[in-house]
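K.L.:
Pasting a structure below so you can have a look.
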Amino acid sequence: MNNMSFAGILTLMVPRDSKSYRHLYFTCFLFLYLLILSVNICLAIVIIMEKSLHEPMYVFLSHLCINGIYGATGFYPKFLSDLILDSYVISSHMCALQIIVIYSSLLCEFTILTVMSYDRYVAICKPLDYHSRLTKNTCVKLILFSWIVPNCVSVIAVLLSNLRPFCKYHIDKLYCDNWSVVKLSCTSSFVNNVYGYVIGIMSCICAVIVIVSYIKLISACKASLENRRKFWQTCLPHLLSLINFTFAMFFDFMYNRYGSNDIPEILRNFLALELVIVPPLFNPVIYGLNIRAVRKRVFISRLAARENVSRAPKKCKR
């Protein structure tokens, strides 16, 4: 017990060859962060500004973009400051905040994708009931559910892991994650394990809802050419996003609990960073490219912006 205390400063993993390549790493990750911000903000603004896109599916998509910005901001600014300062330390309070932001963002993405699968199921399988089921109030409730529940779950998980004495102070990861903080303590992690499996079961329930929705969607699409067209345009991007996200989350969950140090460091870092790089960049790009209405509005908005610039009065030289 003498070696136990409540952690004040924690150390993070130092990227390989950071002394030689930290400026290159900084440039690459800054570019990624700016790219994530630009594509997500662009798509969200287009959906907000265009009244023709004020439908449940596009509203949910705009919240997916906002969530991507929120989650990316939980990782990139801290990691970029670590690279430029060459100092990979973090206070326990900032570590807890980073865990809440990153993991609430990941859980929020999963709940939004689940809500979107329900939206597609009603739109294709029960089109006559679509506007009566997905009313404005229903959409607001679903969006609030998608934000409030993940944040509450993440806050409780962080409280359970931080209100414990620590006897180690190094996190073997480029950012803070909850299970790494749990492993810093020398006391029993039984409660944290149980809570983690409860969250896992809740995620499985969401996955079952999605699977059932898509089974019904696929069966409905066989009978109608129009339904098949809707499936390829709107459901396929959603399905690709969901598959990518599910595999990344599954690896993160399994490696954190049962992973081995025999796995190469480069592979571990790549799979850990995949959660904070691919979903916030993948979602707006694939939706923007595959959904005709969104692609058309983005093109029109850019064309209008260029015309406004070209029509702007030029100052005469004196």
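Ordering of the structure tokens sets the chain letters (A, B, ...), residue numbers begin anew at 1 in every chain, and ligands are numbered from 1 in the order given.
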I'd like the contact shell of Cys186 of chain A - 8 Å cut-off, only C-alpha atoms, skipping same-chain residues fewer than 2 positions apart - returned as a PyMOL selection string.

P.N.:
chain A and resi 4+165-167+183-184+188

K.L.:
Go ahead and save the residues from that selection, with all heavy atoms, as a PDB file, in the first residue's frame.

P.N.:
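This is the output file selection29.pdb:
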ATOM      1  N   MET A   4       1.280   2.899  -3.384  1.00  0.00           N
ATOM      2  CA  MET A   4       0.061   3.317  -4.077  1.00  0.00           C
ATOM      3  C   MET A   4      -0.225   4.786  -3.810  1.00  0.00           C
ATOM      4  O   MET A   4      -0.018   5.282  -2.710  1.00  0.00           O
ATOM      5  CB  MET A   4      -1.142   2.487  -3.627  1.00  0.00           C
ATOM      6  CG  MET A   4      -1.077   1.029  -4.025  1.00  0.00           C
ATOM      7  SD  MET A   4      -2.588   0.178  -3.559  1.00  0.00           S
ATOM      8  CE  MET A   4      -2.190  -1.499  -4.037  1.00  0.00           C
ATOM      9  N   PRO A 165      -6.452   3.929  -6.316  1.00  0.00           N
ATOM     10  CA  PRO A 165      -5.022   4.244  -6.166  1.00  0.00           C
ATOM     11  C   PRO A 165      -4.198   3.584  -7.278  1.00  0.00           C
ATOM     12  O   PRO A 165      -4.539   2.504  -7.752  1.00  0.00           O
ATOM     13  CB  PRO A 165      -4.681   3.654  -4.795  1.00  0.00           C
ATOM     14  CG  PRO A 165      -5.693   2.586  -4.577  1.00  0.00           C
ATOM     15  CD  PRO A 165      -6.947   3.036  -5.253  1.00  0.00           C
ATOM     16  N   PHE A 166      -3.124   4.242  -7.687  1.00  0.00           N
ATOM     17  CA  PHE A 166      -2.273   3.739  -8.767  1.00  0.00           C
ATOM     18  C   PHE A 166      -0.897   3.391  -8.227  1.00  0.00           C
ATOM     19  O   PHE A 166      -0.388   4.037  -7.312  1.00  0.00           O
ATOM     20  CB  PHE A 166      -2.125   4.792  -9.868  1.00  0.00           C
ATOM     21  CG  PHE A 166      -3.394   5.078 -10.606  1.00  0.00           C
ATOM     22  CD1 PHE A 166      -4.243   6.096 -10.189  1.00  0.00           C
ATOM     23  CD2 PHE A 166      -3.761   4.339 -11.714  1.00  0.00           C
ATOM     24  CE1 PHE A 166      -5.409   6.364 -10.860  1.00  0.00           C
ATOM     25  CE2 PHE A 166      -4.933   4.601 -12.397  1.00  0.00           C
ATOM     26  CZ  PHE A 166      -5.766   5.625 -11.967  1.00  0.00           C
ATOM     27  N   CYS A 167      -0.305   2.379  -8.830  1.00  0.00           N
ATOM     28  CA  CYS A 167       1.092   2.065  -8.505  1.00  0.00           C
ATOM     29  C   CYS A 167       1.965   2.064  -9.753  1.00  0.00           C
ATOM     30  O   CYS A 167       3.150   1.770  -9.693  1.00  0.00           O
ATOM     31  CB  CYS A 167       1.199   0.728  -7.783  1.00  0.00           C
ATOM     32  SG  CYS A 167       0.516  -0.652  -8.693  1.00  0.00           S
ATOM     33  N   LYS A 183      -5.463  -0.632 -15.761  1.00  0.00           N
ATOM     34  CA  LYS A 183      -4.296  -1.490 -15.523  1.00  0.00           C
ATOM     35  C   LYS A 183      -3.194  -0.811 -14.719  1.00  0.00           C
ATOM     36  O   LYS A 183      -2.262  -1.472 -14.259  1.00  0.00           O
ATOM     37  CB  LYS A 183      -3.741  -1.990 -16.860  1.00  0.00           C
ATOM     38  CG  LYS A 183      -4.663  -2.975 -17.561  1.00  0.00           C
ATOM     39  CD  LYS A 183      -3.991  -3.659 -18.738  1.00  0.00           C
ATOM     40  CE  LYS A 183      -3.793  -2.708 -19.893  1.00  0.00           C
ATOM     41  NZ  LYS A 183      -3.293  -3.415 -21.100  1.00  0.00           N
ATOM     42  N   LEU A 184      -3.296   0.525 -14.537  1.00  0.00           N
ATOM     43  CA  LEU A 184      -2.309   1.222 -13.710  1.00  0.00           C
ATOM     44  C   LEU A 184      -2.501   0.933 -12.228  1.00  0.00           C
ATOM     45  O   LEU A 184      -1.589   1.111 -11.433  1.00  0.00           O
ATOM     46  CB  LEU A 184      -2.396   2.735 -13.944  1.00  0.00           C
ATOM     47  CG  LEU A 184      -2.082   3.247 -15.345  1.00  0.00           C
ATOM     48  CD1 LEU A 184      -2.239   4.750 -15.395  1.00  0.00           C
ATOM     49  CD2 LEU A 184      -0.674   2.844 -15.778  1.00  0.00           C
ATOM     50  N   SER A 188      -8.083  -4.634  -7.342  1.00  0.00           N
ATOM     51  CA  SER A 188      -8.913  -5.479  -8.198  1.00  0.00           C
ATOM     52  C   SER A 188      -9.678  -4.652  -9.220  1.00  0.00           C
ATOM     53  O   SER A 188     -10.195  -3.563  -8.918  1.00  0.00           O
ATOM     54  CB  SER A 188      -9.907  -6.270  -7.325  1.00  0.00           C
ATOM     55  OG  SER A 188     -10.817  -6.970  -8.148  1.00  0.00           O
TER      56      SER A 188
END

K.L.:
DSSP on the backbone, alpha helix (DSSP H) only: what residues of segment 1-207 of chain A does that give? Format it as a PyMOL selection string.

P.N.:
chain A and resi 18-49+56-85+92-125+130-133+136-162+178-182+190-207

K.L.:
Taking the backbone alone, and naming residues the way the document does, which bits of segment 123-216 of chain A are strand (DSSP E or B) by DSSP, as a list in words?

P.N.:
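Selection result, strand (DSSP E or B) within segment 123-216 of chain A: Phe166, His170, Ile171 and Ser185 of chain A.
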
K.L.:
Counting only C-alpha atoms, which of A:Tyr287, A:Ile218, A:Leu281, A:Met57 gets nearest to Leu34 of chain A?

P.N.:
A:Leu281

K.L.:
Quick one: of A:Tyr76, A:Val14, A:Asn67, A:Leu240, who's nearest to Phe26 of chain A, counting only C-alpha atoms?

P.N.:
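Ranked by minimum distance to Phe26 of chain A, first place goes to A:Tyr76.
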
K.L.:
Would you list the contacts of segment 263-278 of chain A as a PyMOL selection string, taking every protein, DNA or RNA residue within 7 Å and counting only C-alpha atoms, but skipping same-chain residues closer than 6 positions in sequence?

P.N.:
chain A and resi 72+248+252

K.L.:
Using only C-alpha atoms for the distances, tell me which of A:Arg120, A:Cys235, A:Thr73, A:Met13 is nearest to Val101 of chain A.

P.N.:
A:Thr73

K.L.:
Please determine, counting only C-alpha atoms, which residue among A:Tyr21, A:Phe29, A:Tyr175, A:Phe251 has the shortest atom-to-atom distance to Gln98 of chain A.

P.N.:
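Closest residue, counting only C-alpha atoms: A:Tyr175.
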
K.L.:
Return the single residue from A:Thr246, A:Thr27, A:Ser161, A:Ser87 that is closest to Asn193 of chain A, with distances computed using only C-alpha atoms.

P.N.:
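So, comparing all the options, the nearest one is A:Ser161.
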
K.L.:
From the set A:Arg22, A:Asp119, A:Pro56, A:Cys204, which residue has the shortest atom-to-atom contact distance to Asn137 of chain A, counting only C-alpha atoms?

P.N.:
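Answer, going by the shortest atom-to-atom distance: A:Pro56.
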